[in-house]
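Source file: entry-v8.txt. Holds: compact mmCIF, C-alpha atoms and all ligand atoms.
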```txt
# COMPACT_ATOMS: atom_id res chain seq x y z
CA MET A 25 3.12 7.53 -19.61
CA PRO A 26 4.78 8.32 -16.25
CA GLY A 27 4.45 11.93 -15.12
CA PRO A 28 7.14 14.15 -13.66
CA GLU A 29 8.72 13.15 -10.37
CA VAL A 30 6.84 14.48 -7.33
CA ILE A 31 8.79 12.74 -4.58
CA GLY A 32 12.49 11.98 -4.90
CA VAL A 33 14.34 10.48 -1.95
CA SER A 34 17.93 9.22 -2.01
CA GLY A 35 19.97 7.76 0.80
CA LEU A 36 17.57 8.95 3.50
CA ARG A 37 18.79 8.26 7.01
CA LYS A 38 17.25 9.00 10.37
CA SER A 39 17.94 8.03 13.95
CA TYR A 40 16.04 8.75 17.13
CA GLY A 41 18.83 9.38 19.61
CA ALA A 42 21.18 6.47 19.25
CA VAL A 43 18.58 4.26 17.58
CA PRO A 44 18.74 4.18 13.77
CA VAL A 45 15.36 3.91 12.04
CA LEU A 46 16.03 4.68 8.36
CA HIS A 47 19.25 3.32 6.85
CA GLY A 48 19.38 4.78 3.34
CA VAL A 49 15.89 4.87 1.86
CA ASP A 50 15.44 5.58 -1.87
CA LEU A 51 11.99 6.40 -3.24
CA HIS A 52 10.73 7.93 -6.45
CA VAL A 53 7.06 8.74 -6.96
CA ARG A 54 5.59 10.29 -10.08
CA ARG A 55 2.66 12.63 -10.59
CA GLY A 56 -0.75 10.95 -10.37
CA GLU A 57 0.59 7.71 -8.91
CA ILE A 58 -1.01 5.97 -5.97
CA PHE A 59 2.05 4.75 -4.12
CA ALA A 60 1.97 2.53 -1.02
CA LEU A 61 4.59 2.27 1.65
CA LEU A 62 4.30 -1.12 3.32
CA GLY A 63 6.19 -2.45 6.28
CA PRO A 64 5.69 -4.02 9.68
CA ASN A 65 4.96 -1.94 12.79
CA GLY A 66 7.97 0.21 13.58
CA ALA A 67 9.52 -0.11 10.09
CA GLY A 68 9.73 3.66 9.68
CA LYS A 69 6.76 4.47 7.43
CA THR A 70 5.36 7.28 9.58
CA THR A 71 8.88 8.61 10.12
CA THR A 72 9.42 8.70 6.35
CA GLN A 73 6.14 10.54 5.82
CA ALA A 74 6.99 12.99 8.63
CA ILE A 75 10.30 13.81 6.89
CA LEU A 76 8.62 14.18 3.50
CA THR A 77 6.03 16.56 4.94
CA GLY A 78 8.62 18.66 6.75
CA PHE A 79 7.52 17.68 10.25
CA SER A 80 10.68 15.78 11.07
CA SER A 81 14.36 16.38 10.38
CA ARG A 82 16.61 13.84 8.69
CA GLY A 83 20.10 12.68 9.48
CA ALA A 84 21.37 12.34 5.92
CA GLY A 85 20.25 11.97 2.32
CA SER A 86 18.45 14.15 -0.18
CA VAL A 87 14.70 14.75 -0.29
CA SER A 88 12.69 16.59 -2.89
CA VAL A 89 8.92 16.94 -2.59
CA LEU A 90 7.08 18.93 -5.27
CA GLY A 91 10.46 20.24 -6.33
CA GLN A 92 11.53 21.50 -2.91
CA ASP A 93 13.41 20.27 0.11
CA PRO A 94 10.76 20.04 2.87
CA VAL A 95 13.29 21.49 5.31
CA GLY A 96 12.52 25.17 5.29
CA ALA A 97 9.80 24.98 2.61
CA GLY A 98 7.24 27.71 3.22
CA PRO A 99 3.45 27.98 3.49
CA ARG A 100 2.92 28.04 -0.29
CA TRP A 101 4.56 24.65 -0.60
CA ARG A 102 2.62 23.39 2.42
CA ALA A 103 -0.69 24.48 0.86
CA ARG A 104 0.00 22.13 -2.07
CA ILE A 105 0.17 19.13 0.24
CA GLY A 106 -2.57 17.28 2.12
CA ILE A 107 -1.86 15.17 5.16
CA VAL A 108 -4.00 12.57 6.89
CA PRO A 109 -1.95 11.45 9.89
CA GLN A 110 -2.74 8.38 11.98
CA ASP A 111 -3.93 10.54 14.81
CA VAL A 112 -5.77 13.79 14.20
CA GLY A 113 -6.65 16.14 17.06
CA SER A 114 -10.24 16.48 18.21
CA PHE A 115 -12.60 19.36 17.55
CA ASP A 116 -15.28 18.22 19.96
CA GLU A 117 -17.51 21.29 20.11
CA LEU A 118 -17.50 22.00 16.39
CA THR A 119 -19.69 20.37 13.77
CA VAL A 120 -18.32 18.44 10.81
CA LYS A 121 -19.17 21.29 8.47
CA GLU A 122 -17.57 23.91 10.72
CA VAL A 123 -14.32 21.98 10.94
CA VAL A 124 -14.13 21.24 7.21
CA SER A 125 -14.99 24.87 6.43
CA HIS A 126 -12.29 26.10 8.78
CA PHE A 127 -9.66 23.89 7.14
CA ALA A 128 -10.88 24.94 3.68
CA SER A 129 -10.36 28.59 4.64
CA LEU A 130 -6.65 27.92 5.18
CA TYR A 131 -6.07 27.08 1.49
CA PRO A 132 -6.05 29.33 -1.56
CA ASP A 133 -8.16 27.07 -3.80
CA PRO A 134 -10.03 24.48 -1.73
CA PHE A 135 -12.62 22.01 -2.97
CA PRO A 136 -16.24 23.01 -2.18
CA VAL A 137 -16.87 22.02 1.45
CA ASP A 138 -20.22 20.32 0.82
CA SER A 139 -18.80 18.12 -1.93
CA VAL A 140 -15.91 16.99 0.27
CA ILE A 141 -18.35 16.13 3.06
CA GLU A 142 -20.50 14.18 0.61
CA ARG A 143 -17.56 12.40 -1.03
CA THR A 144 -16.25 11.20 2.33
CA GLY A 145 -19.69 9.79 3.23
CA LEU A 146 -20.43 12.34 5.95
CA GLY A 147 -23.38 14.05 4.28
CA GLU A 148 -25.84 13.00 6.96
CA LYS A 149 -23.45 14.07 9.69
CA ALA A 150 -22.59 17.52 8.33
CA ASN A 151 -24.25 19.32 11.26
CA GLU A 152 -23.26 16.80 13.92
CA ARG A 153 -20.74 17.75 16.57
CA THR A 154 -17.51 15.90 15.91
CA ALA A 155 -17.49 14.57 19.49
CA ARG A 156 -20.52 12.47 18.54
CA LEU A 157 -18.98 10.80 15.50
CA SER A 158 -18.17 7.11 15.61
CA GLY A 159 -14.53 6.03 15.19
CA GLY A 160 -15.02 5.29 11.49
CA GLN A 161 -16.86 8.58 10.90
CA GLN A 162 -14.03 10.41 12.67
CA ARG A 163 -11.59 8.74 10.27
CA ARG A 164 -13.67 9.91 7.30
CA LEU A 165 -13.49 13.43 8.74
CA ASP A 166 -9.67 13.10 8.96
CA ILE A 167 -9.64 12.25 5.27
CA ALA A 168 -11.95 15.17 4.45
CA LEU A 169 -9.56 17.54 6.25
CA GLY A 170 -6.57 16.10 4.42
CA ILE A 171 -8.02 16.63 0.96
CA VAL A 172 -10.18 19.75 1.28
CA GLY A 173 -7.28 21.99 0.25
CA ARG A 174 -7.23 20.43 -3.26
CA PRO A 175 -3.73 19.04 -2.70
CA GLU A 176 -1.34 18.17 -5.52
CA LEU A 177 0.14 15.52 -3.23
CA VAL A 178 -1.58 13.81 -0.35
CA PHE A 179 -0.04 11.67 2.39
CA LEU A 180 -2.41 9.19 3.99
CA ASP A 181 -1.18 7.29 7.03
CA GLU A 182 -3.34 4.17 7.35
CA PRO A 183 -6.39 5.99 5.97
CA THR A 184 -8.85 3.10 6.13
CA THR A 185 -8.02 1.70 9.55
CA GLY A 186 -11.27 1.45 11.49
CA LEU A 187 -13.51 1.89 8.45
CA ASP A 188 -16.24 -0.60 7.66
CA PRO A 189 -15.94 -2.46 4.32
CA GLN A 190 -18.32 -0.14 2.51
CA ALA A 191 -16.57 2.98 3.83
CA ARG A 192 -13.22 1.51 2.73
CA ARG A 193 -14.54 1.20 -0.80
CA VAL A 194 -15.90 4.76 -0.71
CA THR A 195 -12.43 5.89 0.37
CA TRP A 196 -10.75 3.88 -2.40
CA ASP A 197 -13.07 5.50 -4.96
CA LEU A 198 -12.23 8.90 -3.57
CA ILE A 199 -8.49 8.20 -3.75
CA ARG A 200 -8.82 6.92 -7.33
CA THR A 201 -10.75 10.03 -8.34
CA LEU A 202 -8.09 12.25 -6.80
CA ALA A 203 -5.35 10.38 -8.66
CA THR A 204 -7.26 10.45 -11.94
CA ASN A 205 -7.38 14.22 -11.61
CA GLY A 206 -3.62 14.38 -11.14
CA THR A 207 -3.21 14.26 -7.36
CA THR A 208 -0.31 12.10 -6.28
CA VAL A 209 -1.10 9.83 -3.35
CA MET A 210 1.34 8.27 -0.93
CA LEU A 211 -0.27 6.01 1.62
CA THR A 212 0.79 3.62 4.31
CA THR A 213 -1.39 0.67 5.11
CA HIS A 214 -1.36 -2.79 6.63
CA TYR A 215 -4.11 -3.99 4.28
CA LEU A 216 -2.54 -5.88 1.42
CA ASP A 217 -5.84 -6.13 -0.45
CA GLU A 218 -5.92 -2.34 -0.41
CA VAL A 219 -2.49 -2.21 -2.01
CA GLU A 220 -3.48 -4.82 -4.56
CA VAL A 221 -6.64 -3.10 -5.80
CA LEU A 222 -5.72 0.53 -5.32
CA CYS A 223 -2.03 1.17 -5.76
CA ASP A 224 0.09 1.61 -8.89
CA ARG A 225 3.32 0.90 -7.06
CA VAL A 226 4.41 -0.25 -3.65
CA ALA A 227 7.65 -0.09 -1.70
CA ILE A 228 8.28 -2.51 1.14
CA LEU A 229 10.22 -0.97 3.98
CA LEU A 230 12.12 -3.46 6.09
CA ARG A 231 14.78 -2.75 8.67
CA GLY A 232 15.00 0.86 7.58
CA LYS A 233 15.52 0.16 3.86
CA VAL A 234 13.39 -0.37 0.79
CA ALA A 235 13.57 -4.14 0.39
CA ALA A 236 11.48 -4.23 -2.80
CA GLU A 237 9.62 -1.83 -5.02
CA GLY A 238 7.33 -2.28 -8.00
CA ALA A 239 3.77 -2.81 -9.16
CA PRO A 240 1.80 -4.91 -6.66
CA LYS A 241 1.23 -7.61 -9.29
CA ASP A 242 4.93 -8.30 -9.84
CA ILE A 243 6.79 -7.13 -6.75
CA GLY A 244 9.25 -9.63 -5.33
CA GLY A 245 9.19 -11.65 -8.56
CA ARG A 246 5.50 -12.50 -8.09
CA ALA A 247 4.77 -12.46 -11.80
CA ASP A 248 7.61 -14.80 -12.82
CA GLY A 249 8.18 -16.97 -9.78
CA GLU A 250 6.71 -20.21 -8.67
CA ALA A 251 3.11 -21.00 -9.62
CA VAL A 252 0.82 -23.75 -8.42
CA ILE A 253 -1.28 -25.71 -10.92
CA GLU A 254 -4.21 -27.67 -9.57
CA PHE A 255 -6.79 -29.86 -11.24
CA HIS A 256 -8.99 -32.81 -10.53
CA ALA A 257 -7.76 -36.10 -11.99
CA GLY A 258 -11.07 -37.87 -12.50
CA GLY A 259 -12.44 -40.06 -15.30
CA ALA A 260 -9.85 -41.13 -17.90
CA LEU A 261 -7.12 -39.27 -16.00
CA ARG A 262 -7.68 -41.13 -12.76
CA GLY A 263 -4.94 -43.55 -11.94
CA ALA A 264 -2.79 -42.65 -14.97
CA ASP A 265 0.80 -41.68 -14.22
CA LEU A 266 1.45 -37.99 -14.41
CA PRO A 267 4.26 -36.81 -16.65
CA PRO A 268 7.39 -35.63 -14.74
CA VAL A 269 6.45 -31.97 -14.35
CA GLN A 270 7.17 -31.24 -10.72
CA ARG A 271 9.65 -28.45 -10.03
CA ALA A 272 13.03 -29.67 -8.80
CA GLY A 273 13.22 -29.53 -5.02
CA ALA A 274 9.46 -28.98 -4.64
CA PRO A 275 7.50 -31.02 -2.13
CA PRO A 276 5.97 -34.25 -3.46
CA LEU A 277 2.95 -33.97 -5.70
CA GLY A 278 -0.30 -33.65 -3.81
CA ARG A 279 -2.88 -36.04 -5.12
CA ALA A 280 -5.39 -36.36 -2.34
CA GLU A 281 -8.79 -37.62 -3.49
CA GLY A 282 -7.80 -37.19 -7.13
CA GLN A 283 -6.83 -33.55 -6.61
CA VAL A 284 -3.44 -32.90 -8.27
CA ARG A 285 -1.25 -30.04 -7.07
CA ILE A 286 1.91 -29.16 -8.99
CA SER A 287 4.40 -26.46 -8.11
CA THR A 288 6.26 -25.07 -11.13
CA ASP A 289 8.50 -22.20 -12.21
CA ALA A 290 7.24 -22.51 -15.81
CA PRO A 291 3.46 -22.75 -15.67
CA ALA A 292 2.84 -22.28 -19.42
CA ALA A 293 5.25 -25.07 -20.43
CA THR A 294 3.97 -27.32 -17.65
CA LEU A 295 0.38 -26.78 -18.73
CA ARG A 296 1.30 -27.71 -22.29
CA VAL A 297 2.81 -30.99 -21.05
CA LEU A 298 -0.24 -31.71 -18.90
CA LEU A 299 -2.71 -30.96 -21.70
CA ASP A 300 -0.78 -33.26 -24.09
CA TRP A 301 -0.84 -35.94 -21.41
CA ALA A 302 -4.58 -35.51 -20.93
CA ALA A 303 -5.16 -35.59 -24.70
CA ARG A 304 -3.28 -38.89 -24.99
CA LEU A 305 -5.72 -40.27 -22.42
CA GLY A 306 -8.69 -39.05 -24.43
CA SER A 307 -9.47 -35.91 -22.39
CA ASP A 308 -9.37 -32.44 -23.87
CA ASP A 309 -9.65 -30.84 -20.46
CA LEU A 310 -8.01 -30.70 -17.04
CA PRO A 311 -11.13 -30.58 -14.84
CA GLY A 312 -11.20 -27.81 -12.21
CA LEU A 313 -7.94 -26.32 -13.51
CA THR A 314 -6.50 -23.38 -11.55
CA VAL A 315 -3.11 -21.67 -11.86
CA THR A 316 -2.15 -19.44 -8.92
CA ARG A 317 0.81 -17.21 -8.25
CA PRO A 318 1.93 -16.24 -4.75
CA THR A 319 -0.30 -13.53 -3.27
CA LEU A 320 1.09 -10.17 -2.27
CA GLU A 321 0.74 -11.39 1.31
CA ASP A 322 2.81 -14.52 0.54
CA VAL A 323 5.59 -12.40 -0.96
CA TYR A 324 5.45 -9.83 1.84
CA LEU A 325 5.52 -12.39 4.66
CA ARG A 326 8.40 -14.21 2.96
CA MET A 327 10.40 -10.98 2.80
CA ILE A 328 9.75 -10.24 6.47
CA ALA A 329 10.80 -13.77 7.42
CA SER A 330 14.00 -13.51 5.42
CA ALA A 331 14.79 -10.06 6.90
CA ASP A 332 14.20 -11.48 10.39
CA ALA A 333 16.61 -14.31 9.61
CA THR A 334 19.37 -11.79 8.86
CA THR A 335 18.44 -9.44 11.69
CA ALA A 336 21.55 -9.84 13.69
CA ALA A 337 23.82 -7.84 11.34
CA PRO A 338 25.88 -6.17 14.07
CA GLU A 339 26.95 -3.14 12.01
CA SER A 340 23.32 -2.09 11.44
CA ARG A 341 22.78 -2.13 15.20
CA ARG A 342 25.75 0.15 15.84
CA GLU A 343 24.91 2.62 13.09
CA ASN A 344 23.87 6.09 14.24
CA THR A 345 23.44 8.52 11.45
CA GLY A 346 21.43 11.47 12.49
N1 LIG A 401 9.61 10.58 18.31
C1 LIG A 401 10.22 9.40 18.42
N2 LIG A 401 11.21 9.21 19.32
C2 LIG A 401 11.85 8.03 19.42
N3 LIG A 401 11.56 6.95 18.66
C3 LIG A 401 10.59 7.08 17.75
C4 LIG A 401 9.87 8.30 17.58
N4 LIG A 401 8.96 8.14 16.60
C5 LIG A 401 9.10 6.86 16.16
N5 LIG A 401 10.08 6.23 16.86
C6 LIG A 401 10.54 4.85 16.65
O1 LIG A 401 10.95 4.74 15.29
C7 LIG A 401 10.57 3.48 14.76
C8 LIG A 401 9.74 3.71 13.50
O2 LIG A 401 8.50 4.27 13.87
P1 LIG A 401 7.39 4.65 12.80
O3 LIG A 401 6.25 5.26 13.55
O4 LIG A 401 8.01 5.45 11.72
O5 LIG A 401 7.00 3.21 12.23
P2 LIG A 401 5.80 2.77 11.30
O6 LIG A 401 6.40 1.97 10.20
O7 LIG A 401 4.98 3.94 10.90
O8 LIG A 401 4.97 1.83 12.28
P3 LIG A 401 3.39 1.50 12.39
O9 LIG A 401 3.06 0.53 11.30
O10 LIG A 401 3.29 0.87 13.74
O11 LIG A 401 2.63 2.79 12.30
C9 LIG A 401 9.83 2.75 15.86
O12 LIG A 401 10.74 1.86 16.47
C10 LIG A 401 9.42 3.84 16.81
O13 LIG A 401 9.39 3.37 18.14
```

Hey, can you dump this file as structure tokens for me?
Ligand SMILES: Nc1ncnc2c1ncn2[C@@H]1O[C@H](COP(=O)(O)OP(=O)(O)OP(=O)(O)O)[C@@H](O)[C@H]1O
Amino acid sequence: MPGPEVIGVSGLRKSYGAVPVLHGVDLHVRRGEIFALLGPNGAGKTTTQAILTGFSSRGAGSVSVLGQDPVGAGPRWRARIGIVPQDVGSFDELTVKEVVSHFASLYPDPFPVDSVIERTGLGEKANERTARLSGGQQRRLDIALGIVGRPELVFLDEPTTGLDPQARRVTWDLIRTLATNGTTVMLTTHYLDEVEVLCDRVAILLRGKVAAEGAPKDIGGRADGEAVIEFHAGGALRGADLPPVQRAGAPPLGRAEGQVRISTDAPAATLRVLLDWAARLGSDDLPGLTVTRPTLEDVYLRMIASADATTAAPESRRENTG
């Protein structure tokens, strides 16, 4: 059951000087969602987050975050939001605990400091000066500072960049726990596996617009588009003609070393045909059968390639909206 809307963005536009960056972005995020903003370097993800958190002005469009326009929203609104930017300042002389405690003191109802330090995997470093943290530990501290205020909504800009695989998983668990308890999470990332395992919905920002939006498992038509069926044609199936199941316009069937590879838009129907064919040849199996859909990365890279192909739209170059 989707919760109430926490972020509502319509027709958002932004230019830096004469250079347009956002061309009419629409986004809607509901309470408790983990929402990812994906896009290549320079797509406008950080700019969008800066506008949503009130740190940057916009040229046009409407923005509502926790029921308020970030422009002119006061400290009470700000205390309901957590931010983990890409680059956090340094607190070299202070210890981890001192910094987290200081940030906690800025909020009316923070999480207990020790539990935040533990949950971000910094327990053993609580009394270490922050100047002596490794890059990944520093990133964990950034996350601790972003969540210590018990935010209703947290913005994470590439939160797991620089973290080792185990620390990434600790961070994912932390984000899931926050969301389970009702915190809404908007994150940017370049890790598509992170989007796949962690996020409820994703928007792909390309050329200053949302090019696609949906659940990671079906964005860009992933769930209904082309699938690839593979199996090993050994034994009774070896040498027998395959039924005509290849998708129109698809590359020729791969059949190297008995390995059959079929591209199809209708995997269930195609499988039925193949199983009937195998049964007629006395086999009740298609050995080594796999059915795969395009990965999120496949879909994402395809979208980028197709946006690049239409890059030269002259009117989008001339646009200057704010
Ligand atoms: N303060 C600024 N002044 C001028 N141009 C800027 C400013 N901040 C960002 N830009 C430009 O706006 C565009 C979008 O930048 P932004 O940082 O929002 O992208 P991003 O999607 O977050 O990229 P990345 O994945 O590299 O973090 C880029 O071309 C960038 O150079």

Mind listing the residues within 9 Å of ligand LIG 401 (chain A), all atoms listed in the file counted, as a PDB file with C-alpha atoms, keeping the file's coordinate frame?
```
ATOM      1  CA  SER A  39      17.940   8.030  13.950  1.00  0.00           C
ATOM      2  CA  TYR A  40      16.040   8.750  17.130  1.00  0.00           C
ATOM      3  CA  GLY A  41      18.830   9.380  19.610  1.00  0.00           C
ATOM      4  CA  VAL A  43      18.580   4.260  17.580  1.00  0.00           C
ATOM      5  CA  PRO A  44      18.740   4.180  13.770  1.00  0.00           C
ATOM      6  CA  VAL A  45      15.360   3.910  12.040  1.00  0.00           C
ATOM      7  CA  LEU A  46      16.030   4.680   8.360  1.00  0.00           C
ATOM      8  CA  LEU A  61       4.590   2.270   1.650  1.00  0.00           C
ATOM      9  CA  LEU A  62       4.300  -1.120   3.320  1.00  0.00           C
ATOM     10  CA  GLY A  63       6.190  -2.450   6.280  1.00  0.00           C
ATOM     11  CA  PRO A  64       5.690  -4.020   9.680  1.00  0.00           C
ATOM     12  CA  ASN A  65       4.960  -1.940  12.790  1.00  0.00           C
ATOM     13  CA  GLY A  66       7.970   0.210  13.580  1.00  0.00           C
ATOM     14  CA  ALA A  67       9.520  -0.110  10.090  1.00  0.00           C
ATOM     15  CA  GLY A  68       9.730   3.660   9.680  1.00  0.00           C
ATOM     16  CA  LYS A  69       6.760   4.470   7.430  1.00  0.00           C
ATOM     17  CA  THR A  70       5.360   7.280   9.580  1.00  0.00           C
ATOM     18  CA  THR A  71       8.880   8.610  10.120  1.00  0.00           C
ATOM     19  CA  THR A  72       9.420   8.700   6.350  1.00  0.00           C
ATOM     20  CA  GLN A  73       6.140  10.540   5.820  1.00  0.00           C
ATOM     21  CA  ALA A  74       6.990  12.990   8.630  1.00  0.00           C
ATOM     22  CA  SER A  80      10.680  15.780  11.070  1.00  0.00           C
ATOM     23  CA  GLN A 110      -2.740   8.380  11.980  1.00  0.00           C
ATOM     24  CA  ASP A 181      -1.180   7.290   7.030  1.00  0.00           C
ATOM     25  CA  GLU A 182      -3.340   4.170   7.350  1.00  0.00           C
ATOM     26  CA  THR A 212       0.790   3.620   4.310  1.00  0.00           C
ATOM     27  CA  THR A 213      -1.390   0.670   5.110  1.00  0.00           C
ATOM     28  CA  HIS A 214      -1.360  -2.790   6.630  1.00  0.00           C
ATOM     29  CA  LEU A 229      10.220  -0.970   3.980  1.00  0.00           C
ATOM     30  CA  LEU A 230      12.120  -3.460   6.090  1.00  0.00           C
ATOM     31  CA  GLY A 232      15.000   0.860   7.580  1.00  0.00           C
TER      32      GLY A 232
END
```

(request) Please provide as a PyMOL selection string all residues within 8 Å of Gly145 (chain A), with the sequence filter that same-chain residues fewer than 5 positions apart are discarded (counting all atoms listed in the file). (result) chain A and resi 164+191+194

(message) Could you list, as a PyMOL selection string, every residue within 10 Å of region 293-295 of chain A, counting all atoms listed in the file and ignoring same-chain residues fewer than 4 positions away?
(response) chain A and resi 253+267-271+286-289+299-301+310+313+315

(request) Grab the CA of Leu320 (chain A) to CA of Ile243 (chain A) distance for me, in Å with one decimal place. (result)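 Spanning CA of Leu320 (chain A) to CA of Ile243 (chain A) is a straight-line distance of 7.9 Å.
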
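Of note, CA of Thr144 (chain A) and CA of Asp224 (chain A) are spaced 22.0 Å apart.
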
(request) Write out as a VMD selection string which residues come within 8 Å of region 95-99 of chain A when counting only C-alpha atoms, dropping same-chain ones fewer than 4 positions away. (result) chain A and resid 78 81 103

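Among A:Gly32, A:Gly258, A:Gly206, A:Gly91, the residue with the shortest atom-to-atom distance to Val178 (chain A), counting all atoms listed in the file, is A:Gly206.
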
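Comparing A:Val33, A:Ala260, A:Ala251, A:Leu222 by their smallest distance to Ala203 (chain A), the closest is A:Leu222 (using only C-alpha atoms).
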
(request) Excluding Val140 (chain A) and residues on its chain fewer than 3 positions from it, collect all residues at most 9 Å away from it, counting all atoms listed in the file, and give them as a PyMOL selection string. (result) chain A and resi 124+135-137+143-147+168-169+171-172

(request) Rank A:Asp166, A:Ala333, A:Ile199, A:Ser88 by their smallest atom-to-atom distance to Asp50 (chain A), using only C-alpha atoms, and report the top residue only. (result) A:Ser88

(message) Nearest residue to Arg193 (chain A) out of A:Ala60, A:Gly238, A:Phe115, A:Asp217, using all atoms listed in the file?
(response)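 That would be A:Asp217, the residue with the smallest distance to Arg193 (chain A).
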
(message) I'd like the interatomic distance between CA of Trp196 (chain A) and CA of Phe127 (chain A), to a tenth of an Å.
(response) 22.2 Å

(message) Which residues are near Gly159 (chain A)? Cut-off 9 Å, all atoms listed in the file, ignore same chain within fewer than 4 positions. Put them as a list in words.
(response)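 Everything that qualifies: Arg163, Arg164, Gly186 and Leu187 of chain A.
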
(message) I need the residue nearest Arg54 (chain A) from this list: A:Thr314, A:Thr207, A:Ser86, A:Thr334. Use all atoms listed in the file for the distance.
(response)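 Among the listed residues, the smallest separation from Arg54 (chain A) belongs to A:Thr207.
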
Would you give the centre and edge lengths, in Å to one decimal, of a box along x, y and z around the listed atoms of region 176-193 of chain A, with 6 Å added to each side, as lines of an AutoDock Vina configuration file?
```
center_x = -9.1
center_y = 7.9
center_z = 3.0
size_x = 30.5
size_y = 32.6
size_z = 29.0
```

(request) Would you mind telling me which residue in A:Arg262, A:His52, A:Arg82, A:Lys121 lies nearest to Lys38 (chain A) when using only C-alpha atoms? (result)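 Checking each of A:Arg262, A:His52, A:Arg82, A:Lys121 against Lys38 (chain A), counting only C-alpha atoms, the winner is A:Arg82.
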
My structure is short of atoms at region 323-328 of chain A; please model all heavy atoms there, returning them as a PDB file, in the coordinates of the input.
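Contents of out_22.pdb, freshly written:
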```pdb
ATOM      1  N   VAL A 323       4.292 -13.010  -0.640  1.00  0.00           N
ATOM      2  CA  VAL A 323       5.590 -12.400  -0.960  1.00  0.00           C
ATOM      3  C   VAL A 323       6.068 -11.529   0.208  1.00  0.00           C
ATOM      4  O   VAL A 323       7.223 -11.581   0.631  1.00  0.00           O
ATOM      5  CB  VAL A 323       5.457 -11.544  -2.244  1.00  0.00           C
ATOM      6  CG1 VAL A 323       6.663 -10.667  -2.463  1.00  0.00           C
ATOM      7  CG2 VAL A 323       5.235 -12.445  -3.445  1.00  0.00           C
ATOM      8  N   TYR A 324       5.132 -10.761   0.750  1.00  0.00           N
ATOM      9  CA  TYR A 324       5.450  -9.830   1.840  1.00  0.00           C
ATOM     10  C   TYR A 324       5.913 -10.598   3.086  1.00  0.00           C
ATOM     11  O   TYR A 324       6.946 -10.281   3.679  1.00  0.00           O
ATOM     12  CB  TYR A 324       4.186  -9.014   2.116  1.00  0.00           C
ATOM     13  CG  TYR A 324       4.289  -8.038   3.244  1.00  0.00           C
ATOM     14  CD1 TYR A 324       5.243  -7.027   3.243  1.00  0.00           C
ATOM     15  CD2 TYR A 324       3.411  -8.094   4.331  1.00  0.00           C
ATOM     16  CE1 TYR A 324       5.326  -6.112   4.280  1.00  0.00           C
ATOM     17  CE2 TYR A 324       3.485  -7.185   5.367  1.00  0.00           C
ATOM     18  CZ  TYR A 324       4.438  -6.204   5.339  1.00  0.00           C
ATOM     19  OH  TYR A 324       4.519  -5.307   6.369  1.00  0.00           O
ATOM     20  N   LEU A 325       5.162 -11.630   3.450  1.00  0.00           N
ATOM     21  CA  LEU A 325       5.520 -12.390   4.660  1.00  0.00           C
ATOM     22  C   LEU A 325       6.860 -13.115   4.468  1.00  0.00           C
ATOM     23  O   LEU A 325       7.658 -13.217   5.393  1.00  0.00           O
ATOM     24  CB  LEU A 325       4.412 -13.373   5.017  1.00  0.00           C
ATOM     25  CG  LEU A 325       3.112 -12.710   5.485  1.00  0.00           C
ATOM     26  CD1 LEU A 325       2.027 -13.747   5.744  1.00  0.00           C
ATOM     27  CD2 LEU A 325       3.339 -11.856   6.740  1.00  0.00           C
ATOM     28  N   ARG A 326       7.113 -13.569   3.242  1.00  0.00           N
ATOM     29  CA  ARG A 326       8.400 -14.210   2.960  1.00  0.00           C
ATOM     30  C   ARG A 326       9.548 -13.229   3.150  1.00  0.00           C
ATOM     31  O   ARG A 326      10.582 -13.553   3.713  1.00  0.00           O
ATOM     32  CB  ARG A 326       8.402 -14.728   1.524  1.00  0.00           C
ATOM     33  CG  ARG A 326       8.632 -16.225   1.425  1.00  0.00           C
ATOM     34  CD  ARG A 326       8.650 -16.643  -0.016  1.00  0.00           C
ATOM     35  NE  ARG A 326       7.385 -17.200  -0.434  1.00  0.00           N
ATOM     36  CZ  ARG A 326       7.008 -17.358  -1.695  1.00  0.00           C
ATOM     37  NH1 ARG A 326       7.794 -16.976  -2.678  1.00  0.00           N
ATOM     38  NH2 ARG A 326       5.865 -17.901  -1.986  1.00  0.00           N
ATOM     39  N   MET A 327       9.344 -11.996   2.658  1.00  0.00           N
ATOM     40  CA  MET A 327      10.400 -10.980   2.800  1.00  0.00           C
ATOM     41  C   MET A 327      10.659 -10.660   4.264  1.00  0.00           C
ATOM     42  O   MET A 327      11.797 -10.504   4.681  1.00  0.00           O
ATOM     43  CB  MET A 327       9.990  -9.695   2.084  1.00  0.00           C
ATOM     44  CG  MET A 327      10.240  -9.740   0.612  1.00  0.00           C
ATOM     45  SD  MET A 327       9.807  -8.155  -0.077  1.00  0.00           S
ATOM     46  CE  MET A 327       9.805  -8.616  -1.783  1.00  0.00           C
ATOM     47  N   ILE A 328       9.580 -10.548   5.041  1.00  0.00           N
ATOM     48  CA  ILE A 328       9.750 -10.240   6.470  1.00  0.00           C
ATOM     49  C   ILE A 328      10.507 -11.385   7.144  1.00  0.00           C
ATOM     50  O   ILE A 328      11.437 -11.158   7.921  1.00  0.00           O
ATOM     51  CB  ILE A 328       8.384 -10.027   7.148  1.00  0.00           C
ATOM     52  CG1 ILE A 328       7.758  -8.745   6.622  1.00  0.00           C
ATOM     53  CG2 ILE A 328       8.537  -9.947   8.657  1.00  0.00           C
ATOM     54  CD1 ILE A 328       6.363  -8.481   7.154  1.00  0.00           C
TER      55      ILE A 328
END
```
